[in-house]
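Enquirer: Coordinates in structure_25.cif, mmCIF, C-alpha atoms, are listed below.
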data_final
loop_
_atom_site.label_atom_id
_atom_site.label_comp_id
_atom_site.auth_asym_id
_atom_site.auth_seq_id
_atom_site.Cartn_x
_atom_site.Cartn_y
_atom_site.Cartn_z
CA MET A 758 0.00 0.00 0.00
CA TYR A 759 1.04 3.62 -0.40
CA TYR A 760 2.25 4.53 3.08
CA GLY A 761 3.74 7.57 4.75
CA ARG A 762 3.54 11.33 4.31
CA PHE A 763 7.03 11.43 2.83
CA ASN A 764 6.69 8.36 0.60
CA ARG A 765 8.52 9.18 -2.64
CA GLU A 766 8.40 5.97 -4.64
CA GLY A 767 4.97 4.50 -3.97
CA VAL A 768 4.20 0.79 -3.65
CA PRO A 769 7.16 -1.57 -4.20
CA SER A 770 6.78 -4.10 -6.99
CA ILE A 771 7.16 -7.82 -6.30
CA GLU A 772 10.64 -7.68 -7.88
CA SER A 773 11.64 -4.73 -5.69
CA THR A 774 10.22 -6.47 -2.62
CA ARG A 775 12.30 -9.57 -3.30
CA LYS A 776 15.43 -7.46 -3.63
CA ILE A 777 14.67 -5.58 -0.40
CA LEU A 778 14.12 -8.87 1.46
CA ASN A 779 17.37 -10.30 0.07
CA ARG A 780 19.20 -7.19 1.26
CA ALA A 781 17.55 -7.56 4.67
CA ASN A 782 18.76 -11.14 4.93
CA LYS A 783 22.31 -10.24 3.96
CA PHE A 784 22.45 -7.35 6.41
CA GLY A 785 21.13 -9.52 9.22
CA LEU A 786 17.70 -8.07 9.85
CA SER A 787 15.41 -10.53 11.57
CA VAL A 788 11.72 -9.56 11.53
CA ILE A 789 9.08 -8.50 9.01
CA ASP A 790 6.31 -6.27 10.33
CA THR A 791 3.06 -6.49 8.38
CA ALA A 792 -0.71 -6.46 8.96
CA PHE A 793 -4.01 -7.79 7.71
CA GLN A 794 -4.97 -4.24 6.69
CA TYR A 795 -1.72 -3.27 4.95
CA GLY A 796 -3.14 -3.52 1.45
CA GLU A 797 -1.53 -6.38 -0.50
CA SER A 798 1.43 -6.60 1.86
CA GLU A 799 0.80 -10.10 3.18
CA SER A 800 0.11 -11.54 -0.29
CA ILE A 801 3.29 -10.01 -1.69
CA ILE A 802 5.33 -11.32 1.24
CA GLY A 803 3.77 -14.74 0.70
CA LEU A 804 5.06 -14.75 -2.88
CA CYS A 805 8.57 -14.20 -1.50
CA HIS A 806 8.67 -17.54 0.30
CA ASP A 807 12.38 -18.19 -0.22
CA GLU A 808 13.35 -14.65 0.73
CA ILE A 809 11.47 -14.76 4.07
CA SER A 810 12.57 -18.25 5.11
CA ASN A 811 15.06 -16.82 7.62
CA LEU A 812 12.86 -13.95 8.76
CA LYS A 813 10.24 -13.91 11.51
CA VAL A 814 6.86 -12.46 10.58
CA ILE A 815 4.71 -10.32 12.87
CA THR A 816 1.22 -9.45 11.69
CA LYS A 817 -1.78 -7.65 13.17
CA THR A 818 -5.50 -8.06 13.69
CA PRO A 819 -8.21 -6.11 11.88
CA ILE A 820 -9.15 -2.73 13.34
CA PHE A 821 -12.45 -2.79 15.21
CA SER A 822 -14.68 0.05 16.38
CA ASP A 823 -13.65 1.93 19.51
CA GLU A 824 -17.23 1.93 20.75
CA VAL A 825 -17.89 -1.75 21.37
CA ILE A 826 -16.43 -4.98 20.09
CA PRO A 827 -19.17 -6.96 18.29
CA TYR A 828 -20.23 -10.34 19.61
CA SER A 829 -18.61 -11.80 16.49
CA GLY A 830 -15.33 -9.99 17.18
CA ALA A 831 -13.42 -13.11 18.18
CA LEU A 832 -14.60 -14.92 15.06
CA LEU A 833 -13.67 -11.96 12.86
CA LEU A 834 -10.21 -11.89 14.44
CA ARG A 835 -9.75 -15.64 13.90
CA ASN A 836 -10.94 -15.48 10.29
CA ALA A 837 -8.62 -12.57 9.54
CA PHE A 838 -5.70 -14.41 11.14
CA ASP A 839 -6.44 -17.51 9.04
CA LYS A 840 -6.49 -15.30 5.92
CA SER A 841 -3.18 -13.77 6.97
CA LEU A 842 -1.56 -17.20 7.28
CA HIS A 843 -2.97 -18.17 3.89
CA SER A 844 -1.75 -14.96 2.23
CA LEU A 845 1.68 -15.25 3.85
CA GLN A 846 1.82 -18.96 2.87
CA LEU A 847 2.93 -19.77 6.41
CA SER A 848 1.66 -22.29 8.95
CA THR A 849 2.70 -20.12 11.92
CA VAL A 850 3.92 -16.59 12.58
CA HIS A 851 6.23 -15.11 15.18
CA GLY A 852 3.78 -12.53 16.50
CA LEU A 853 0.18 -11.34 16.38
CA LEU A 854 -0.63 -7.85 17.61
CA ILE A 855 -3.86 -5.97 18.21
CA HIS A 856 -3.60 -3.34 15.49
CA HIS A 857 -5.62 -0.66 17.30
CA ALA A 858 -4.85 -0.66 21.03
CA PRO A 859 -8.14 0.96 22.20
CA ASN A 860 -9.97 -2.14 20.91
CA LEU A 861 -8.82 -4.07 23.97
CA LEU A 862 -10.28 -1.47 26.33
CA ALA A 863 -13.59 -1.24 24.50
CA PRO A 864 -16.61 -3.12 25.89
CA ALA A 865 -16.14 -6.85 25.17
CA GLY A 866 -12.52 -6.20 24.16
CA GLU A 867 -11.48 -9.13 26.34
CA MET A 868 -12.97 -11.44 23.68
CA LEU A 869 -10.22 -10.38 21.30
CA TYR A 870 -7.53 -11.07 23.87
CA GLU A 871 -8.98 -14.50 24.68
CA GLU A 872 -9.01 -15.42 21.00
CA MET A 873 -5.37 -14.36 20.65
CA LEU A 874 -4.52 -16.53 23.67
CA LYS A 875 -6.24 -19.48 21.99
CA ILE A 876 -4.24 -18.92 18.81
CA LYS A 877 -1.07 -18.82 20.90
CA ARG A 878 -1.97 -22.01 22.80
CA GLU A 879 -2.59 -23.75 19.48
CA GLY A 880 1.00 -23.02 18.51
CA LEU A 881 0.05 -20.82 15.56
CA VAL A 882 1.82 -17.78 16.99
CA ARG A 883 4.66 -17.48 19.46
CA TYR A 884 4.01 -14.03 20.88
CA ILE A 885 0.94 -11.82 21.24
CA GLY A 886 0.78 -8.13 21.92
CA VAL A 887 -0.41 -4.68 20.92
CA SER A 888 0.53 -1.84 18.61
CA ALA A 889 -0.12 1.54 20.23
CA TYR A 890 0.46 5.26 19.86
CA SER A 891 1.02 6.07 23.53
CA GLY A 892 2.46 4.59 26.68
CA ASP A 893 -0.59 5.48 28.76
CA ILE A 894 -2.92 3.14 26.93
CA ILE A 895 -0.37 0.31 26.97
CA GLU A 896 -0.04 0.52 30.74
CA GLN A 897 -3.84 0.43 31.07
CA ILE A 898 -3.94 -2.65 28.84
CA GLN A 899 -1.06 -4.35 30.62
CA ASP A 900 -2.95 -4.03 33.91
CA LYS A 901 -5.74 -6.16 32.40
CA PHE A 902 -4.05 -8.35 29.79
CA PRO A 903 -0.50 -9.75 29.99
CA LEU A 904 1.42 -8.99 26.80
CA ASP A 905 4.55 -10.38 25.14
CA ILE A 906 5.28 -7.63 22.61
CA VAL A 907 4.38 -3.95 22.43
CA GLN A 908 4.98 -1.74 19.42
CA LEU A 909 5.36 1.90 20.40
CA PRO A 910 6.53 5.06 18.62
CA ILE A 911 9.87 6.36 19.77
CA ASN A 912 12.52 8.37 17.98
CA MET A 913 15.01 11.15 18.48
CA LEU A 914 12.26 13.79 18.60
CA ASP A 915 9.75 11.73 20.56
CA ARG A 916 11.18 10.77 23.95
CA ARG A 917 7.95 10.64 25.96
CA LEU A 918 8.23 6.92 26.73
CA LEU A 919 11.71 7.38 28.14
CA THR A 920 11.04 10.45 30.25
CA SER A 921 7.81 8.97 31.66
CA GLY A 922 9.54 5.73 32.66
CA THR A 923 7.03 3.73 30.60
CA LEU A 924 9.69 1.74 28.74
CA SER A 925 11.39 0.69 31.95
CA ARG A 926 8.11 -0.37 33.56
CA LEU A 927 7.03 -2.40 30.54
CA VAL A 928 10.36 -4.19 30.27
CA ALA A 929 10.27 -4.92 34.01
CA SER A 930 6.96 -6.70 33.30
CA GLY A 931 8.68 -8.97 30.78
CA ILE A 932 7.46 -7.19 27.64
CA GLN A 933 9.53 -6.90 24.45
CA ILE A 934 9.57 -3.33 23.13
CA HIS A 935 9.51 -2.92 19.35
CA ALA A 936 10.16 0.70 18.44
CA ARG A 937 8.43 2.11 15.41
CA SER A 938 8.46 5.60 13.84
CA ALA A 939 12.26 5.51 13.92
CA PHE A 940 12.29 8.15 11.17
CA LEU A 941 8.85 9.58 12.07
CA GLN A 942 7.48 8.51 8.67
CA GLY A 943 10.51 10.07 6.99
CA LEU A 944 10.23 13.51 8.62
CA LEU A 945 13.68 13.18 10.22
CA LEU A 946 15.29 12.40 6.86
CA THR A 947 13.58 15.07 4.74
CA ASP A 948 15.32 18.31 3.82
CA PRO A 949 13.91 20.70 6.46
CA MET A 950 13.92 23.58 3.97
CA LYS A 951 11.35 21.72 1.86
CA LEU A 952 8.86 21.17 4.67
CA THR A 953 5.46 22.84 4.53
CA SER A 954 4.33 25.38 7.13
CA GLN A 955 2.56 22.56 8.97
CA PHE A 956 5.96 21.57 10.38
CA ASP A 957 7.12 25.07 11.35
CA ALA A 958 7.05 24.10 15.04
CA VAL A 959 9.90 21.65 14.49
CA LYS A 960 11.63 23.13 11.45
CA GLU A 961 14.43 24.89 13.33
CA THR A 962 15.15 21.74 15.35
CA LEU A 963 15.42 19.69 12.18
CA ILE A 964 17.64 22.28 10.50
CA ALA A 965 19.96 22.10 13.50
CA PHE A 966 19.86 18.28 13.42
CA HIS A 967 20.80 18.08 9.75
CA SER A 968 23.53 20.68 10.26
CA HIS A 969 24.95 18.67 13.17
CA CYS A 970 24.87 15.53 11.00
CA ARG A 971 26.90 17.26 8.28
CA LYS A 972 29.44 18.58 10.79
CA SER A 973 29.73 15.15 12.41
CA GLY A 974 29.99 13.31 9.09
CA VAL A 975 26.95 11.18 9.98
CA LYS A 976 23.94 10.42 7.80
CA PRO A 977 20.62 11.52 9.35
CA ALA A 978 19.31 7.95 8.99
CA HIS A 979 22.31 6.58 10.88
CA ALA A 980 21.94 9.20 13.61
CA ALA A 981 18.23 8.45 13.97
CA LEU A 982 18.81 4.70 14.27
CA HIS A 983 21.76 5.01 16.63
CA TYR A 984 19.63 7.09 18.99
CA LEU A 985 17.38 4.04 19.36
CA LEU A 986 20.26 1.56 19.47
CA ARG A 987 21.47 3.31 22.63
CA ILE A 988 18.21 2.55 24.47
CA PRO A 989 18.65 -0.83 26.21
CA GLU A 990 14.90 -1.38 26.72
CA ILE A 991 14.29 -1.65 22.96
CA SER A 992 14.37 -5.17 21.51
CA LYS A 993 13.63 -4.34 17.86
CA ILE A 994 13.59 -1.25 15.68
CA ILE A 995 11.05 -1.20 12.86
CA ILE A 996 11.79 0.74 9.70
CA GLY A 997 10.03 1.08 6.38
CA VAL A 998 11.61 1.34 2.96
CA GLU A 999 10.06 1.77 -0.48
CA SER A 1000 12.95 0.61 -2.65
CA VAL A 1001 16.32 -1.14 -2.76
CA SER A 1002 18.02 2.23 -3.18
CA GLN A 1003 16.48 3.47 0.06
CA PHE A 1004 17.53 0.29 1.84
CA ASP A 1005 21.09 0.70 0.58
CA ASP A 1006 21.14 4.37 1.52
CA ILE A 1007 20.28 3.44 5.10
CA PHE A 1008 22.37 0.31 5.59
CA THR A 1009 25.40 0.57 3.31
CA ASN A 1010 28.44 1.31 5.47
CA PHE A 1011 26.23 1.37 8.54
CA PRO A 1012 28.51 2.39 11.43
CA ALA A 1013 28.78 0.19 14.50
CA GLU A 1014 29.04 3.32 16.62
CA ILE A 1015 28.83 7.07 16.13
CA ASP A 1016 29.88 10.07 18.19
CA PHE A 1017 26.74 12.20 18.29
CA ASP A 1018 25.14 14.55 20.82
CA TYR A 1019 21.31 14.30 20.75
CA ASN A 1020 20.58 16.71 23.60
CA ASN A 1021 19.18 19.57 21.52
CA PHE A 1022 16.99 17.57 19.18
CA THR A 1023 13.68 16.89 20.84
CA CYS A 1024 10.04 17.95 20.52
CA ASP A 1025 6.99 17.92 22.78
CA ASN A 1026 4.39 19.03 20.23
CA ILE A 1027 1.92 16.16 19.90
CA GLU A 1028 0.71 17.47 16.53
CA ILE A 1029 4.22 16.86 15.22
CA LEU A 1030 4.93 13.62 17.07
CA ASN A 1031 1.74 11.80 16.04
CA PRO A 1032 1.42 11.45 12.25
CA VAL A 1033 -2.27 10.61 12.67
CA LEU A 1034 -2.74 14.31 13.51
CA TRP A 1035 -0.90 15.57 10.44
CA ALA A 1036 -3.08 17.34 7.90
CA HIS A 1037 -3.06 15.44 4.61
#
Just dump the structure as structure tokens.
Expert:
Amino acid sequence: MYYGRFNREGVPSIESTRKILNRANKFGLSVIDTAFQYGESESIIGLCHDEISNLKVITKTPIFSDEVIPYSGALLLRNAFDKSLHSLQLSTVHGLLIHHAPNLLAPAGEMLYEEMLKIKREGLVRYIGVSAYSGDIIEQIQDKFPLDIVQLPINMLDRRLLTSGTLSRLVASGIQIHARSAFLQGLLLTDPMKLTSQFDAVKETLIAFHSHCRKSGVKPAHAALHYLLRIPEISKIIIGVESVSQFDDIFTNFPAEIDFDYNNFTCDNIEILNPVLWAH
């Protein structure tokens, strides 16, 4: 599917996808993040059977209404999961996550969790968890439903989960943290001078960040990823690429370490930090 405000190349072809997955294998990446509602993603991945043989797949449930989970919610979740396995051409997957975290806190949301537990007990998935946009909702969910994996947004600009202590508390509960929005949908990598007025609140910060990268001889992508690599609570970092050239730009000559000061590059404006709130 076409994804991301700063997407430049659109939907990868099957040939491009195979090349990206081959690069991922060679570099040593370990997990594919997909979802039932990511367009043709699961079907395309399923056609790349050889390329994903060494990669673990994590997928997600459908998105249900926030108001109330229908009586048939568990069945809908199971049917979607079965379709995901069929599309992926896999008998099991590494992880299954609730795609929209508020679903678990909606009336009858526990039915969804119970169905995920059944799928796990049947050996069809190793880990279950939730994808969320904030630490607050995850801690509410964790109080009711034990989780294995949590996907949360964290990046150089967005440090809320660190300063609040949420990451530490979740890890202390035995949860794996998978960090997404590493590049904030590409905002961190885009030329700040080309940003629209919508991003004026963070423009000067990004100009300073890119200037510091040039002075330090570090690519913005490498700086953004190394910020996350320094956080011990994070188990996995999720990134998205549209093409082989983007993959190579990020991972060719990827440095094991960098000398970089991140102190001045942060933001507390929720309208910047949450892409859902961006005007499209």
Enquirer: So which residues get picked by the PyMOL selection byres ((chain A and resi 831) around 6) here, written as a PyMOL selection string?
Expert: chain A and resi 829-830+832-834+868-869+872
Enquirer: Go through A:Phe1022, A:Phe1011, A:Phe1017, A:Phe793 and flag the residue nearest Lys960 in chain A, using only C-alpha atoms for the distances.
Expert: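 Going through A:Phe1022, A:Phe1011, A:Phe1017, A:Phe793 one by one, the smallest distance to Lys960 in chain A is for A:Phe1022.
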Enquirer: Under the PyMOL selection byres ((chain A and resi 870) around 9), which residues of this model are included? Write them out as a ChimeraX atom specification.
Expert: /A:831,855,861,866-869,871-875,885,902
Enquirer: Generate a file of the selected residues that holds C-alpha atoms, formatted as a short mmCIF file (atom, residue, chain, number, x, y, z; two decimals), in the frame of the given file.
Expert:
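File out.cif, as written:
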data_model
loop_
_atom_site.label_atom_id
_atom_site.label_comp_id
_atom_site.auth_asym_id
_atom_site.auth_seq_id
_atom_site.Cartn_x
_atom_site.Cartn_y
_atom_site.Cartn_z
CA ALA A 831 -13.42 -13.11 18.18
CA ILE A 855 -3.86 -5.97 18.21
CA LEU A 861 -8.82 -4.07 23.97
CA GLY A 866 -12.52 -6.20 24.16
CA GLU A 867 -11.48 -9.13 26.34
CA MET A 868 -12.97 -11.44 23.68
CA LEU A 869 -10.22 -10.38 21.30
CA GLU A 871 -8.98 -14.50 24.68
CA GLU A 872 -9.01 -15.42 21.00
CA MET A 873 -5.37 -14.36 20.65
CA LEU A 874 -4.52 -16.53 23.67
CA LYS A 875 -6.24 -19.48 21.99
CA ILE A 885 0.94 -11.82 21.24
CA PHE A 902 -4.05 -8.35 29.79
#
Enquirer: CA of Ala980 in chain A and CA of Gln1003 in chain A are how many Å apart?
Expert: 15.7 Å
Enquirer: Kindly provide, as a PyMOL selection string, the polymer residues lying within 12 Å of (1.2, -15.9, 5.8), counting only C-alpha atoms and using the coordinates exactly as they appear in the file.
Expert: chain A and resi 789-793+797-806+809-810+813-817+837-853+881-882
Enquirer: Store the residues picked out above in a file with C-alpha atoms, as a PDB file, in the frame of the given file.
Expert:
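Saved as selection.pdb:
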ATOM      1  CA  ILE A 789       9.080  -8.500   9.010  1.00  0.00           C
ATOM      2  CA  ASP A 790       6.310  -6.270  10.330  1.00  0.00           C
ATOM      3  CA  THR A 791       3.060  -6.490   8.380  1.00  0.00           C
ATOM      4  CA  ALA A 792      -0.710  -6.460   8.960  1.00  0.00           C
ATOM      5  CA  PHE A 793      -4.010  -7.790   7.710  1.00  0.00           C
ATOM      6  CA  GLU A 797      -1.530  -6.380  -0.500  1.00  0.00           C
ATOM      7  CA  SER A 798       1.430  -6.600   1.860  1.00  0.00           C
ATOM      8  CA  GLU A 799       0.800 -10.100   3.180  1.00  0.00           C
ATOM      9  CA  SER A 800       0.110 -11.540  -0.290  1.00  0.00           C
ATOM     10  CA  ILE A 801       3.290 -10.010  -1.690  1.00  0.00           C
ATOM     11  CA  ILE A 802       5.330 -11.320   1.240  1.00  0.00           C
ATOM     12  CA  GLY A 803       3.770 -14.740   0.700  1.00  0.00           C
ATOM     13  CA  LEU A 804       5.060 -14.750  -2.880  1.00  0.00           C
ATOM     14  CA  CYS A 805       8.570 -14.200  -1.500  1.00  0.00           C
ATOM     15  CA  HIS A 806       8.670 -17.540   0.300  1.00  0.00           C
ATOM     16  CA  ILE A 809      11.470 -14.760   4.070  1.00  0.00           C
ATOM     17  CA  SER A 810      12.570 -18.250   5.110  1.00  0.00           C
ATOM     18  CA  LYS A 813      10.240 -13.910  11.510  1.00  0.00           C
ATOM     19  CA  VAL A 814       6.860 -12.460  10.580  1.00  0.00           C
ATOM     20  CA  ILE A 815       4.710 -10.320  12.870  1.00  0.00           C
ATOM     21  CA  THR A 816       1.220  -9.450  11.690  1.00  0.00           C
ATOM     22  CA  LYS A 817      -1.780  -7.650  13.170  1.00  0.00           C
ATOM     23  CA  ALA A 837      -8.620 -12.570   9.540  1.00  0.00           C
ATOM     24  CA  PHE A 838      -5.700 -14.410  11.140  1.00  0.00           C
ATOM     25  CA  ASP A 839      -6.440 -17.510   9.040  1.00  0.00           C
ATOM     26  CA  LYS A 840      -6.490 -15.300   5.920  1.00  0.00           C
ATOM     27  CA  SER A 841      -3.180 -13.770   6.970  1.00  0.00           C
ATOM     28  CA  LEU A 842      -1.560 -17.200   7.280  1.00  0.00           C
ATOM     29  CA  HIS A 843      -2.970 -18.170   3.890  1.00  0.00           C
ATOM     30  CA  SER A 844      -1.750 -14.960   2.230  1.00  0.00           C
ATOM     31  CA  LEU A 845       1.680 -15.250   3.850  1.00  0.00           C
ATOM     32  CA  GLN A 846       1.820 -18.960   2.870  1.00  0.00           C
ATOM     33  CA  LEU A 847       2.930 -19.770   6.410  1.00  0.00           C
ATOM     34  CA  SER A 848       1.660 -22.290   8.950  1.00  0.00           C
ATOM     35  CA  THR A 849       2.700 -20.120  11.920  1.00  0.00           C
ATOM     36  CA  VAL A 850       3.920 -16.590  12.580  1.00  0.00           C
ATOM     37  CA  HIS A 851       6.230 -15.110  15.180  1.00  0.00           C
ATOM     38  CA  GLY A 852       3.780 -12.530  16.500  1.00  0.00           C
ATOM     39  CA  LEU A 853       0.180 -11.340  16.380  1.00  0.00           C
ATOM     40  CA  LEU A 881       0.050 -20.820  15.560  1.00  0.00           C
ATOM     41  CA  VAL A 882       1.820 -17.780  16.990  1.00  0.00           C
TER      42      VAL A 882
END
Enquirer: Of the candidates A:Gly974, A:Pro769, A:Pro949, A:Gly796, which shows the shortest atom-to-atom distance to Ile1015 in chain A, using only C-alpha atoms?
Expert: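 Result for the nearest residue to Ile1015 in chain A: A:Gly974.
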Enquirer: What is the distance between CA of Ala981 in chain A and CA of Gln942 in chain A, in Å to one decimal?
Expert: 12.0 Å
Enquirer: Using only C-alpha atoms, which residue out of A:Leu945, A:Ala1036, A:Ala863, A:Ile911 lies closest to Leu985 in chain A?
Expert: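 The answer is A:Ile911, which sits nearest to Leu985 in chain A.
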Enquirer: Separation of CA of Ala936 in chain A and CA of Ile996 in chain A, in Å?
Expert: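 We find that CA of Ala936 in chain A and CA of Ile996 in chain A lie 8.9 Å from each other.
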Enquirer: With the PyMOL selection byres ((chain A and resi 782) around 12) as the selection, what would be picked from this file? Answer as a VMD selection string, please.
Expert: chain A and resid 775 to 781 783 to 789 807 to 813 1004
Enquirer: Which residues are near Arg937 in chain A? Cut-off 10 Å, only C-alpha atoms, ignore same chain within fewer than 3 positions. Put them as a PDB file with C-alpha atoms, in the coordinates of the input.
Expert:
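What landed in result-v5.pdb:
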ATOM      1  CA  SER A 888       0.530  -1.840  18.610  1.00  0.00           C
ATOM      2  CA  ALA A 889      -0.120   1.540  20.230  1.00  0.00           C
ATOM      3  CA  TYR A 890       0.460   5.260  19.860  1.00  0.00           C
ATOM      4  CA  GLN A 908       4.980  -1.740  19.420  1.00  0.00           C
ATOM      5  CA  LEU A 909       5.360   1.900  20.400  1.00  0.00           C
ATOM      6  CA  PRO A 910       6.530   5.060  18.620  1.00  0.00           C
ATOM      7  CA  ILE A 911       9.870   6.360  19.770  1.00  0.00           C
ATOM      8  CA  ASN A 912      12.520   8.370  17.980  1.00  0.00           C
ATOM      9  CA  ILE A 934       9.570  -3.330  23.130  1.00  0.00           C
ATOM     10  CA  PHE A 940      12.290   8.150  11.170  1.00  0.00           C
ATOM     11  CA  LEU A 941       8.850   9.580  12.070  1.00  0.00           C
ATOM     12  CA  GLN A 942       7.480   8.510   8.670  1.00  0.00           C
ATOM     13  CA  LEU A 985      17.380   4.040  19.360  1.00  0.00           C
ATOM     14  CA  LYS A 993      13.630  -4.340  17.860  1.00  0.00           C
ATOM     15  CA  ILE A 994      13.590  -1.250  15.680  1.00  0.00           C
ATOM     16  CA  ILE A 995      11.050  -1.200  12.860  1.00  0.00           C
ATOM     17  CA  ILE A 996      11.790   0.740   9.700  1.00  0.00           C
ATOM     18  CA  GLY A 997      10.030   1.080   6.380  1.00  0.00           C
TER      19      GLY A 997
END
Enquirer: My list of candidates is A:Leu1034, A:Leu982, A:Ile820, A:Ile964. Which is closest to His856 in chain A when distances are computed with all atoms listed in the file?
Expert: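 Checking each of A:Leu1034, A:Leu982, A:Ile820, A:Ile964 against His856 in chain A, counting all atoms listed in the file, the winner is A:Ile820.
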Enquirer: Which residue is closest to Leu918 in chain A? Choose from A:Ile932, A:Ile991, A:Leu952, A:Val998 and count all atoms listed in the file.
Expert: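 Using all atoms listed in the file, the shortest distance to Leu918 in chain A belongs to A:Ile991.
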Enquirer: For a cutoff of 12 Å around the file-coordinate point (-3.8, -3.6, 31.6), which residues qualify once you count only C-alpha atoms? I'd like the result as a list in words.
Expert: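 The residues near that point, listed by chain and number, are Ala858, Pro859, Leu861, Leu862, Gly866, Glu867, Tyr870, Gly886, Val887, Gly892, Asp893, Ile894, Ile895, Glu896, Gln897, Ile898, Gln899, Asp900, Lys901, Phe902, Pro903, Leu904, Leu927 and Ser930 of chain A.
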Enquirer: Looking at all atoms listed in the file, which of A:Leu963, A:Leu919, A:Val907, A:Ile876 is the one that sits closest to His857 in chain A?
Expert: A:Val907
Enquirer: Please identify all polymer residues within 10 Å of His979 in chain A, counting only C-alpha atoms, omitting same-chain residues fewer than 2 positions from it, and present them as a VMD selection string.
Expert: chain A and resid 946 970 975 to 977 981 to 984 1006 to 1008 1010 to 1015
